[in-house]
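Containing compact mmCIF, C-alpha atoms and all ligand atoms: coords_21.txt.
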```txt
# COMPACT_ATOMS: atom_id res chain seq x y z
CA MET E 1 77.94 24.78 124.39
CA ASN E 2 78.84 21.94 126.78
CA THR E 3 80.07 22.55 130.31
CA TYR E 4 83.68 21.90 129.43
CA MET E 5 83.65 24.57 126.74
CA SER E 6 81.82 27.15 128.81
CA GLN E 7 83.86 29.66 130.75
CA THR E 8 84.97 29.09 134.33
CA LEU E 9 84.73 31.87 136.90
CA ILE E 10 88.03 33.65 137.45
CA PHE E 11 89.20 35.46 140.59
CA ASP E 12 92.05 37.89 139.87
CA ALA E 13 93.74 38.95 143.10
CA HIS E 14 95.56 42.02 141.85
CA LEU E 15 94.26 44.83 139.67
CA ASP E 16 95.00 48.55 140.06
CA LEU E 17 91.61 49.54 138.64
CA ALA E 18 91.17 52.88 140.43
CA MET E 19 94.72 53.99 139.64
CA ASN E 20 93.94 53.49 135.95
CA ALA E 21 90.70 55.43 136.30
CA ILE E 22 92.08 58.36 138.28
CA GLU E 23 95.76 58.70 137.28
CA TRP E 24 95.61 57.31 133.71
CA ASN E 25 92.19 58.93 133.13
CA ARG E 26 90.67 55.72 131.79
CA ASP E 27 86.89 55.32 131.86
CA LEU E 28 86.85 51.61 132.61
CA THR E 29 83.12 51.33 131.95
CA ARG E 30 83.86 51.85 128.21
CA PRO E 31 84.93 49.27 125.60
CA LEU E 32 88.69 48.56 125.46
CA ASN E 33 89.05 49.79 121.87
CA GLU E 34 87.56 53.15 122.77
CA ILE E 35 89.86 53.54 125.79
CA ARG E 36 92.86 52.74 123.59
CA GLN E 37 91.80 55.04 120.78
CA ARG E 38 91.45 58.00 123.12
CA GLU E 39 95.08 57.53 124.14
CA MET E 40 96.60 57.13 120.69
CA HIS E 41 97.91 60.71 120.65
CA MET E 42 99.21 60.60 124.22
CA LYS E 43 102.92 60.20 124.87
CA ASP E 44 103.10 60.72 128.64
CA ARG E 45 103.46 57.01 129.54
CA PRO E 46 104.85 53.96 127.69
CA ASP E 47 101.58 52.00 128.06
CA ARG E 48 99.31 54.59 126.41
CA GLY E 49 96.90 52.97 123.96
CA LYS E 50 98.02 49.53 125.21
CA GLY E 51 95.68 48.87 128.15
CA THR E 52 94.21 45.39 128.58
CA VAL E 53 91.66 45.90 131.36
CA CYS E 54 88.17 47.42 131.51
CA LEU E 55 84.91 46.34 133.10
CA PRO E 56 83.32 44.97 129.87
CA GLU E 57 86.45 42.82 129.25
CA LEU E 58 86.37 41.54 132.86
CA ARG E 59 82.80 40.37 132.29
CA LYS E 60 83.62 38.93 128.88
CA GLY E 61 86.34 36.80 130.52
CA LYS E 62 84.05 35.83 133.42
CA ILE E 63 86.40 37.53 135.86
CA GLY E 64 83.62 38.14 138.36
CA LEU E 65 85.73 38.79 141.41
CA VAL E 66 88.94 40.79 141.87
CA VAL E 67 91.12 42.27 144.54
CA ALA E 68 91.18 45.94 143.60
CA THR E 69 93.82 48.26 144.97
CA GLN E 70 94.25 51.69 146.34
CA LEU E 71 97.83 52.63 145.47
CA SER E 72 99.59 55.83 146.40
CA ARG E 73 103.16 56.23 147.51
CA TYR E 74 104.96 58.84 149.60
CA THR E 75 108.39 59.89 148.42
CA PRO E 76 110.72 61.86 150.72
CA TYR E 77 112.73 64.93 149.70
CA GLY E 78 115.76 63.91 147.68
CA SER E 79 114.31 60.63 146.36
CA SER E 80 114.10 60.23 142.59
CA LEU E 81 111.20 57.75 142.72
CA PRO E 82 107.74 59.00 141.73
CA GLY E 83 105.35 59.53 144.62
CA TRP E 84 103.49 62.18 146.63
CA HIS E 85 105.52 64.66 148.65
CA SER E 86 103.52 64.17 151.85
CA PRO E 87 101.56 61.29 153.41
CA GLN E 88 98.51 63.61 153.46
CA GLN E 89 98.61 63.97 149.67
CA ALA E 90 99.05 60.20 149.32
CA TRP E 91 96.01 59.64 151.57
CA ALA E 92 93.98 62.10 149.50
CA MET E 93 94.82 60.15 146.35
CA THR E 94 93.64 56.89 147.92
CA GLN E 95 90.39 58.66 148.82
CA ALA E 96 89.92 59.74 145.20
CA GLN E 97 90.46 56.13 144.20
CA LEU E 98 87.92 54.99 146.80
CA ALA E 99 85.42 57.55 145.50
CA TRP E 100 85.79 56.03 142.02
CA TYR E 101 85.04 52.52 143.33
CA LYS E 102 81.95 53.94 145.07
CA GLU E 103 80.82 55.55 141.80
CA MET E 104 81.23 52.17 140.05
CA GLU E 105 79.01 50.68 142.76
CA ALA E 106 76.41 53.41 142.25
CA MET E 107 76.34 52.50 138.53
CA GLY E 108 75.95 48.78 139.29
CA GLU E 109 79.30 48.14 137.55
CA MET E 110 81.04 46.84 140.69
CA ILE E 111 80.13 45.65 144.18
CA GLN E 112 82.30 45.67 147.28
CA ILE E 113 82.80 42.35 149.10
CA THR E 114 83.79 42.58 152.77
CA ASN E 115 82.48 39.41 154.44
CA LEU E 116 81.38 35.83 153.82
CA ASN E 117 77.68 36.69 153.38
CA GLU E 118 78.48 39.16 150.63
CA LEU E 119 80.92 36.69 149.09
CA ASP E 120 78.35 33.87 149.01
CA THR E 121 75.64 36.11 147.53
CA HIS E 122 78.05 37.33 144.88
CA LEU E 123 79.21 33.83 143.95
CA SER E 124 75.58 32.65 143.61
CA LEU E 125 74.94 35.52 141.22
CA TRP E 126 77.96 34.66 139.05
CA ASN E 127 77.06 30.95 139.13
CA ASP E 128 73.50 31.70 137.97
CA ILE E 129 73.50 30.65 134.32
CA ASN E 130 70.06 32.20 133.76
CA ILE E 131 71.48 35.70 134.14
CA SER E 132 73.82 37.01 131.45
CA ASP E 133 77.34 37.78 132.72
CA ASP E 134 77.10 41.11 130.86
CA SER E 135 74.73 42.44 133.50
CA LYS E 136 76.61 41.19 136.57
CA PRO E 137 78.61 43.59 138.73
CA VAL E 138 82.30 42.77 139.18
CA GLY E 139 82.91 42.04 142.87
CA TYR E 140 85.93 43.67 144.47
CA ILE E 141 87.82 43.20 147.71
CA LEU E 142 89.54 46.46 148.59
CA SER E 143 93.29 46.24 149.20
CA LEU E 144 95.90 48.87 149.95
CA GLU E 145 99.15 48.28 148.02
CA GLY E 146 101.78 49.88 150.24
CA ALA E 147 100.78 51.60 153.47
CA ASP E 148 102.58 54.96 152.98
CA SER E 149 99.26 56.78 152.61
CA LEU E 150 98.13 55.92 156.15
CA VAL E 151 99.09 59.27 157.69
CA ASP E 152 99.25 57.61 161.09
CA ILE E 153 98.07 54.27 162.43
CA SER E 154 94.59 55.60 163.30
CA TYR E 155 93.97 55.94 159.54
CA LEU E 156 93.98 52.16 159.27
CA HIS E 157 90.70 52.13 161.18
CA LYS E 158 89.18 54.72 158.81
CA ALA E 159 90.30 52.56 155.90
CA TYR E 160 88.73 49.49 157.49
CA GLU E 161 85.43 51.39 157.85
CA ASN E 162 85.65 52.09 154.12
CA GLY E 163 85.84 48.36 153.45
CA LEU E 164 89.59 47.71 153.37
CA ARG E 165 90.21 43.98 153.86
CA ALA E 166 93.79 43.42 152.66
CA ILE E 167 96.98 45.45 152.98
CA GLY E 168 100.62 45.34 151.91
CA LEU E 169 103.14 47.36 153.91
CA SER E 170 105.38 48.41 151.02
CA HIS E 171 105.57 48.99 147.27
CA PHE E 172 108.73 50.22 145.51
CA GLY E 173 111.68 51.90 147.22
CA HIS E 174 111.80 53.37 150.74
CA GLY E 175 108.54 53.05 152.60
CA ARG E 176 107.27 54.66 155.78
CA TYR E 177 106.24 51.26 157.18
CA ALA E 178 108.58 48.92 155.30
CA PRO E 179 111.13 49.11 152.51
CA GLY E 180 109.83 47.64 149.24
CA THR E 181 110.93 46.15 145.93
CA LYS E 182 114.56 46.82 144.91
CA MET E 183 115.45 47.62 148.55
CA GLU E 184 116.83 45.66 151.49
CA GLY E 185 116.25 45.73 155.21
CA SER E 186 113.74 45.41 158.02
CA LEU E 187 110.25 46.69 158.65
CA THR E 188 110.38 50.12 160.29
CA PRO E 189 109.33 50.54 163.96
CA LEU E 190 106.16 52.18 162.61
CA GLY E 191 105.62 49.10 160.44
CA LEU E 192 105.76 46.80 163.44
CA GLU E 193 103.21 49.01 165.23
CA LEU E 194 100.97 48.94 162.17
CA LEU E 195 101.19 45.13 161.97
CA LYS E 196 99.72 44.92 165.50
CA GLN E 197 96.74 47.00 164.40
CA ILE E 198 96.37 44.98 161.18
CA ASN E 199 96.32 41.89 163.37
CA SER E 200 93.61 43.34 165.64
CA LEU E 201 91.40 43.90 162.56
CA ASN E 202 92.23 40.45 161.10
CA LEU E 203 93.05 42.00 157.73
CA ILE E 204 94.72 39.87 155.07
CA LEU E 205 98.42 40.75 155.01
CA ASP E 206 99.84 40.87 151.49
CA VAL E 207 103.55 39.96 151.53
CA THR E 208 104.11 40.97 147.90
CA HIS E 209 106.66 43.84 147.61
CA LEU E 210 108.35 43.13 150.95
CA THR E 211 112.14 42.77 151.20
CA ASP E 212 113.50 39.37 152.24
CA ASP E 213 114.07 40.64 155.81
CA GLY E 214 110.62 42.23 155.80
CA PHE E 215 109.06 38.97 154.60
CA ASN E 216 110.69 36.99 157.43
CA GLU E 217 109.68 39.53 160.06
CA ALA E 218 106.11 39.76 158.79
CA MET E 219 105.77 35.97 158.72
CA ASP E 220 107.21 35.66 162.26
CA PHE E 221 105.22 38.51 163.73
CA TYR E 222 101.85 38.44 161.97
CA GLN E 223 99.30 35.93 163.25
CA GLY E 224 96.45 36.63 160.82
CA PRO E 225 95.82 35.49 157.23
CA VAL E 226 98.68 36.03 154.75
CA TRP E 227 98.70 35.94 150.94
CA ALA E 228 101.10 36.88 148.15
CA SER E 229 98.71 38.58 145.76
CA HIS E 230 100.99 38.96 142.70
CA HIS E 231 104.25 37.10 142.94
CA ASN E 232 106.29 34.70 140.79
CA VAL E 233 109.19 32.31 141.41
CA ARG E 234 112.77 33.46 142.03
CA LYS E 235 114.24 30.12 140.83
CA ILE E 236 112.94 31.09 137.36
CA VAL E 237 113.32 34.87 137.55
CA PRO E 238 116.27 35.47 139.88
CA ASN E 239 115.55 38.90 141.30
CA GLN E 240 114.51 40.12 144.73
CA ARG E 241 110.92 40.82 143.62
CA GLN E 242 110.12 37.09 143.32
CA LEU E 243 109.72 34.35 145.94
CA THR E 244 112.55 32.02 146.98
CA ASP E 245 111.78 28.32 147.51
CA ASP E 246 112.08 28.84 151.28
CA GLN E 247 109.57 31.69 151.14
CA ILE E 248 107.23 29.52 149.05
CA LYS E 249 107.54 26.73 151.64
CA ARG E 250 106.72 29.13 154.48
CA LEU E 251 103.67 30.39 152.62
CA ILE E 252 102.46 26.83 151.93
CA GLU E 253 102.90 25.98 155.64
CA ARG E 254 100.57 28.91 156.43
CA ASP E 255 98.02 27.59 153.88
CA SER E 256 98.61 30.76 151.90
CA ILE E 257 97.99 31.38 148.19
CA ILE E 258 100.37 32.87 145.63
CA GLY E 259 98.89 34.83 142.71
CA GLY E 260 100.86 34.43 139.47
CA MET E 261 101.46 37.69 137.60
CA LEU E 262 101.63 38.56 133.90
CA ASP E 263 104.23 41.32 133.85
CA CYS E 264 106.90 40.01 131.43
CA TRP E 265 109.55 41.39 133.76
CA ALA E 266 108.31 38.95 136.43
CA MET E 267 107.91 36.04 133.99
CA ASP E 268 111.23 35.91 132.16
CA ILE E 269 114.62 37.14 133.45
CA ARG E 270 115.65 38.27 129.94
CA PHE E 271 112.94 40.92 129.77
CA ILE E 272 114.06 44.54 130.27
CA ASP E 273 111.37 47.21 130.88
CA THR E 274 110.77 49.58 127.94
CA VAL E 275 113.52 47.81 125.91
CA SER E 276 112.48 44.18 125.33
CA ASP E 277 109.66 42.94 123.14
CA PRO E 278 107.50 40.04 124.43
CA TRP E 279 107.12 38.71 120.89
CA GLN E 280 110.87 38.68 120.17
CA LEU E 281 111.53 36.85 123.45
CA ASN E 282 108.48 34.63 122.81
CA ILE E 283 106.96 35.28 126.23
CA LYS E 284 103.52 33.68 126.17
CA LEU E 285 100.74 33.08 128.67
CA GLU E 286 102.09 29.55 129.06
CA ASN E 287 105.33 30.85 130.61
CA LEU E 288 103.42 31.55 133.82
CA VAL E 289 102.58 27.84 134.04
CA ASP E 290 106.31 27.19 134.63
CA HIS E 291 106.05 29.34 137.77
CA TRP E 292 102.85 27.60 138.87
CA ASP E 293 104.44 24.17 138.19
CA HIS E 294 107.38 25.03 140.40
CA ILE E 295 105.13 25.95 143.32
CA CYS E 296 102.83 22.94 142.76
CA GLN E 297 105.89 20.65 142.81
CA ILE E 298 106.97 22.08 146.18
CA ALA E 299 103.42 21.83 147.57
CA GLY E 300 102.64 18.45 146.02
CA ASN E 301 99.25 19.80 144.91
CA SER E 302 97.52 22.69 143.12
CA LEU E 303 96.12 24.30 146.28
CA HIS E 304 98.49 27.24 146.62
CA VAL E 305 98.66 28.87 143.18
CA ALA E 306 96.16 31.21 141.56
CA ILE E 307 95.88 34.37 139.48
CA GLY E 308 97.05 37.82 140.54
CA SER E 309 97.61 39.18 137.05
CA ASP E 310 98.59 42.81 137.86
CA LEU E 311 97.47 43.65 134.30
CA ASP E 312 97.59 47.40 133.57
CA GLY E 313 99.74 47.80 136.68
CA ILE E 314 101.83 50.57 135.05
CA PHE E 315 102.29 48.46 131.88
CA GLY E 316 100.18 47.31 128.93
CA THR E 317 100.53 44.97 125.96
CA GLU E 318 104.14 46.13 125.48
CA GLN E 319 104.99 44.18 128.64
CA CYS E 320 102.44 41.30 128.67
CA PRO E 321 102.56 37.85 127.05
CA TRP E 322 102.26 38.42 123.30
CA ASP E 323 99.35 35.95 122.94
CA MET E 324 97.03 38.08 125.02
CA ASN E 325 95.13 41.18 123.93
CA SER E 326 92.83 41.75 126.87
CA ILE E 327 92.29 40.40 130.36
CA ALA E 328 89.46 38.25 128.92
CA ASP E 329 92.25 36.06 127.47
CA LEU E 330 92.87 34.69 130.98
CA GLN E 331 90.26 32.11 129.93
CA LYS E 332 92.92 30.67 127.60
CA TYR E 333 94.54 29.12 130.68
CA LYS E 334 91.87 26.43 130.63
CA GLU E 335 93.27 24.98 127.43
CA ILE E 336 96.89 25.76 128.30
CA LEU E 337 96.69 24.12 131.74
CA SER E 338 94.94 21.01 130.48
CA ARG E 339 97.61 20.68 127.77
CA ARG E 340 100.21 20.89 130.54
CA GLY E 341 98.58 18.02 132.45
CA TYR E 342 96.38 19.87 134.92
CA ASN E 343 92.97 18.26 135.44
CA GLU E 344 89.60 19.96 135.82
CA VAL E 345 89.93 20.13 139.63
CA ASP E 346 93.35 21.82 139.36
CA ILE E 347 91.97 24.33 136.86
CA GLN E 348 89.07 25.21 139.15
CA ASN E 349 91.52 25.61 142.04
CA ILE E 350 93.70 27.99 140.07
CA PHE E 351 90.83 29.93 138.48
CA HIS E 352 88.97 30.73 141.70
CA LYS E 353 88.60 27.95 144.26
CA ASN E 354 91.91 28.54 146.06
CA TRP E 355 91.19 32.21 146.72
CA ILE E 356 87.61 31.39 147.77
CA ARG E 357 88.82 28.69 150.17
CA PHE E 358 91.35 31.16 151.58
CA LEU E 359 88.65 33.81 152.15
CA ASN E 360 86.32 31.31 153.78
CA LYS E 361 89.02 30.50 156.29
CA ALA E 362 90.19 34.12 156.77
CA TRP E 363 86.70 35.51 157.30
CA GLU E 364 84.99 32.66 159.18
ZN ZN E 401 102.50 45.51 142.70
```
Once more with this new file: its structure as structure tokens, please.
Amino acid sequence: MNTYMSQTLIFDAHLDLAMNAIEWNRDLTRPLNEIRQREMHMKDRPDRGKGTVCLPELRKGKIGLVVATQLSRYTPYGSSLPGWHSPQQAWAMTQAQLAWYKEMEAMGEMIQITNLNELDTHLSLWNDINISDDSKPVGYILSLEGADSLVDISYLHKAYENGLRAIGLSHFGHGRYAPGTKMEGSLTPLGLELLKQINSLNLILDVTHLTDDGFNEAMDFYQGPVWASHHNVRKIVPNQRQLTDDQIKRLIERDSIIGGMLDCWAMDIRFIDTVSDPWQLNIKLENLVDHWDHICQIAGNSLHVAIGSDLDGIFGTEQCPWDMNSIADLQKYKEILSRRGYNEVDIQNIFHKNWIRFLNKAWE
């Protein structure tokens, strides 16, 4: 196999691994077929038997480094959105998720990355062609998707001690710190207080899932590193969940990175959750390149786009590009991008170099 044909390291900046393990009861150390087969009789969720992510598939696709989330929402009395009925319960769920990551570390399946030394050691391991990828642990940077579970601001410091290095203030609906997707309005007073503490710890602020007002306030107020871990382009998919051109410009000015996501709903405006079929609408992996192109055109380079797939983020193959079966298919982007005119340097940037450059700057 020549170098061109061999796989390139991929950094995926958004995977809800622990949520799948704890809430979906998926043993991610097992082969994908086995995980799917065990769910064939289950009808509790639309994505049963349709998962695309597990640790063997990550290794098979040379996805050696990920941002892995803790995700647990609080929902107040009267709200119809799913979520825990108290912040304390939400915190407890994030701790179960953390315990799962620690168990994966104990098995040698994963390894937590919290600083540049650990990052460099991990990258040398994955770049060592004398060691088979099958035996390499998947590195993870711990991120909290939505801050509801922080019972009060002091919990942020506990989370940091546990290795938390990135945080988003909101997810879906009302949030204790900021309203999220499908909402409007400003960060809450508690959210502004939390941002100060996030700043003091120099955590990476994830702007994905903020409202437009929340995005502006966070960008004005927050001085530390900012990324958009899983976010597409609103010009192509005109809904509030995606980034406007002005938001993209502000992110580029901050030398930020935007992770492209593979939820059909975020790739093509025609797609309706639980109704549409990716095959009928012909939504393919290549559709994400349209989003990347748009951002690269604004930036004038390929330095601000990357992968934040969100695969198995409460959806499976029923809501992914039809030409992918597992997360290992992310490697197909090598061929797709070169067909679309991206050169080897661009491909390396998108596959991992942009996120690595970002981390080197954020953690120096
Ligand atoms: Zn998300």
Point to revise | Which of E:Thr244, E:Ser143, E:Asn117, E:Gln95 sits closest to ligand ZN 401 (chain E) [using all atoms listed in the file] | key: E:Ser143
Practice item. Excluding Gly260 (chain E) and any residue of its chain fewer than 6 positions from it, enumerate the residues within 6 Å of it, using all atoms listed in the file, and give them as an NGL selection string. Key: :E and (230-232 or 307-308)
Per residue of chain E within 9 Å of ligand ZN 401 (chain E), what are the shortest atom pair and its distance in Å to one decimal, counting all atoms listed in the file, with rows by chain and residue number, as a tab-separated table?
```
residue	atom	partner	partner_atom	distance
E:His14	CA	E:ZN401	ZN	7.8
E:Leu15	CA	E:ZN401	ZN	8.8
E:Asp16	CA	E:ZN401	ZN	8.5
E:Leu71	CA	E:ZN401	ZN	9.0
E:Glu145	CA	E:ZN401	ZN	6.9
E:Gly146	CA	E:ZN401	ZN	8.7
E:His171	CA	E:ZN401	ZN	6.5
E:Phe172	CA	E:ZN401	ZN	8.3
E:Thr208	CA	E:ZN401	ZN	7.1
E:His209	CA	E:ZN401	ZN	6.6
E:Ser229	CA	E:ZN401	ZN	8.5
E:His230	CA	E:ZN401	ZN	6.7
E:His231	CA	E:ZN401	ZN	8.6
E:Asp310	CA	E:ZN401	ZN	6.8
E:Gly313	CA	E:ZN401	ZN	7.0
```
**Study point:** Coordinates-based distance that separates CA of Lys353 (chain E) from CA of Gly61 (chain E) (Å, one decimal)
**Key:**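 Between these atoms lies a distance of 16.5 Å.
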If you count only C-alpha atoms, which residues fall within 12 Å of Trp322 (chain E), apart from same-chain ones fewer than 2 positions away, as a PDB file with C-alpha atoms, keeping the file's coordinate frame?
```pdb
ATOM      1  CA  THR E  52      94.210  45.390 128.580  1.00  0.00           C
ATOM      2  CA  LEU E 262     101.630  38.560 133.900  1.00  0.00           C
ATOM      3  CA  ASP E 263     104.230  41.320 133.850  1.00  0.00           C
ATOM      4  CA  CYS E 264     106.900  40.010 131.430  1.00  0.00           C
ATOM      5  CA  SER E 276     112.480  44.180 125.330  1.00  0.00           C
ATOM      6  CA  ASP E 277     109.660  42.940 123.140  1.00  0.00           C
ATOM      7  CA  PRO E 278     107.500  40.040 124.430  1.00  0.00           C
ATOM      8  CA  TRP E 279     107.120  38.710 120.890  1.00  0.00           C
ATOM      9  CA  GLN E 280     110.870  38.680 120.170  1.00  0.00           C
ATOM     10  CA  LEU E 281     111.530  36.850 123.450  1.00  0.00           C
ATOM     11  CA  ASN E 282     108.480  34.630 122.810  1.00  0.00           C
ATOM     12  CA  ILE E 283     106.960  35.280 126.230  1.00  0.00           C
ATOM     13  CA  LYS E 284     103.520  33.680 126.170  1.00  0.00           C
ATOM     14  CA  LEU E 285     100.740  33.080 128.670  1.00  0.00           C
ATOM     15  CA  GLU E 286     102.090  29.550 129.060  1.00  0.00           C
ATOM     16  CA  ASN E 287     105.330  30.850 130.610  1.00  0.00           C
ATOM     17  CA  GLY E 316     100.180  47.310 128.930  1.00  0.00           C
ATOM     18  CA  THR E 317     100.530  44.970 125.960  1.00  0.00           C
ATOM     19  CA  GLU E 318     104.140  46.130 125.480  1.00  0.00           C
ATOM     20  CA  GLN E 319     104.990  44.180 128.640  1.00  0.00           C
ATOM     21  CA  CYS E 320     102.440  41.300 128.670  1.00  0.00           C
ATOM     22  CA  MET E 324      97.030  38.080 125.020  1.00  0.00           C
ATOM     23  CA  ASN E 325      95.130  41.180 123.930  1.00  0.00           C
ATOM     24  CA  SER E 326      92.830  41.750 126.870  1.00  0.00           C
ATOM     25  CA  ASP E 329      92.250  36.060 127.470  1.00  0.00           C
TER      26      ASP E 329
END
```
Exercise for review: In Å, rounded to a single decimal, give me how far CA of Gly180 (chain E) is from CA of Leu330 (chain E).
Suggested key: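 One can read the CA of Leu330 (chain E) to CA of Gly180 (chain E) distance as 28.1 Å.
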Region 113-120 of chain E, all listed atoms, 6 Å padding on each side: what axis-aligned box centre and edge lengths in Å to one decimal come out, as AutoDock Vina command-line options?
```
--center_x 80.7 --center_y 38.2 --center_z 151.7 --size_x 18.1 --size_y 20.7 --size_z 17.4
```
Practice item. List every protein, DNA or RNA residue that has at least one atom no more than 10 Å from (91.7, 51.9, 137.4) in the file's coordinates, counting all atoms listed in the file, and write the result as number ranges by chain. Key: E: 15-28, 53-55, 68-70, 97, 100-101, 312-313
May I have the residues from that selection written out with C-alpha atoms, as a PDB file, in the coordinates of the input?
```pdb
ATOM      1  CA  LEU E  15      94.260  44.830 139.670  1.00  0.00           C
ATOM      2  CA  ASP E  16      95.000  48.550 140.060  1.00  0.00           C
ATOM      3  CA  LEU E  17      91.610  49.540 138.640  1.00  0.00           C
ATOM      4  CA  ALA E  18      91.170  52.880 140.430  1.00  0.00           C
ATOM      5  CA  MET E  19      94.720  53.990 139.640  1.00  0.00           C
ATOM      6  CA  ASN E  20      93.940  53.490 135.950  1.00  0.00           C
ATOM      7  CA  ALA E  21      90.700  55.430 136.300  1.00  0.00           C
ATOM      8  CA  ILE E  22      92.080  58.360 138.280  1.00  0.00           C
ATOM      9  CA  GLU E  23      95.760  58.700 137.280  1.00  0.00           C
ATOM     10  CA  TRP E  24      95.610  57.310 133.710  1.00  0.00           C
ATOM     11  CA  ASN E  25      92.190  58.930 133.130  1.00  0.00           C
ATOM     12  CA  ARG E  26      90.670  55.720 131.790  1.00  0.00           C
ATOM     13  CA  ASP E  27      86.890  55.320 131.860  1.00  0.00           C
ATOM     14  CA  LEU E  28      86.850  51.610 132.610  1.00  0.00           C
ATOM     15  CA  VAL E  53      91.660  45.900 131.360  1.00  0.00           C
ATOM     16  CA  CYS E  54      88.170  47.420 131.510  1.00  0.00           C
ATOM     17  CA  LEU E  55      84.910  46.340 133.100  1.00  0.00           C
ATOM     18  CA  ALA E  68      91.180  45.940 143.600  1.00  0.00           C
ATOM     19  CA  THR E  69      93.820  48.260 144.970  1.00  0.00           C
ATOM     20  CA  GLN E  70      94.250  51.690 146.340  1.00  0.00           C
ATOM     21  CA  GLN E  97      90.460  56.130 144.200  1.00  0.00           C
ATOM     22  CA  TRP E 100      85.790  56.030 142.020  1.00  0.00           C
ATOM     23  CA  TYR E 101      85.040  52.520 143.330  1.00  0.00           C
ATOM     24  CA  ASP E 312      97.590  47.400 133.570  1.00  0.00           C
ATOM     25  CA  GLY E 313      99.740  47.800 136.680  1.00  0.00           C
TER      26      GLY E 313
END
```
Check your understanding: Do you know which residues are at most 7 Å from Trp227 (chain E) counting all atoms listed in the file, after dropping those on the same chain fewer than 6 positions away, and could you put them as an MDAnalysis selection string?
Key -> chainID E and resid 204:207 256:258
Check your understanding: Excluding same-chain residues fewer than 3 positions from Gly224 (chain E), what lies within 10 Å of it counting all atoms listed in the file, as an MDAnalysis selection string?
Key -> chainID E and resid 195 198:205 219 221 254 362
Could you please fill out region 68-79 of chain E with N, CA and C atoms and send it back as a CSV table (one decimal), keeping the file's coordinate frame?
```csv
chain,number,residue,atom,x,y,z
E,68,ALA,N,90.9,44.7,144.2
E,68,ALA,CA,91.2,45.9,143.6
E,68,ALA,C,91.9,46.8,144.6
E,69,THR,N,92.9,47.5,144.1
E,69,THR,CA,93.8,48.3,145.0
E,69,THR,C,93.5,49.7,145.1
E,70,GLN,N,93.9,50.3,146.2
E,70,GLN,CA,94.2,51.7,146.3
E,70,GLN,C,95.8,51.7,146.4
E,71,LEU,N,96.4,52.6,145.6
E,71,LEU,CA,97.8,52.6,145.5
E,71,LEU,C,98.3,54.1,145.4
E,72,SER,N,99.1,54.5,146.4
E,72,SER,CA,99.6,55.8,146.4
E,72,SER,C,100.8,55.9,147.3
E,73,ARG,N,101.9,56.3,146.8
E,73,ARG,CA,103.2,56.2,147.5
E,73,ARG,C,103.6,57.6,148.0
E,74,TYR,N,104.3,57.6,149.1
E,74,TYR,CA,105.0,58.8,149.6
E,74,TYR,C,106.4,58.8,149.2
E,75,THR,N,107.0,59.9,148.7
E,75,THR,CA,108.4,59.9,148.4
E,75,THR,C,109.0,61.1,149.1
E,76,PRO,N,110.1,60.8,149.9
E,76,PRO,CA,110.7,61.9,150.7
E,76,PRO,C,111.6,62.8,149.8
E,77,TYR,N,111.9,63.9,150.4
E,77,TYR,CA,112.7,64.9,149.7
E,77,TYR,C,114.1,64.3,149.3
E,78,GLY,N,114.5,64.5,148.1
E,78,GLY,CA,115.8,63.9,147.7
E,78,GLY,C,115.6,62.6,146.9
E,79,SER,N,114.5,61.9,147.1
E,79,SER,CA,114.3,60.6,146.4
E,79,SER,C,113.9,60.9,144.9
```
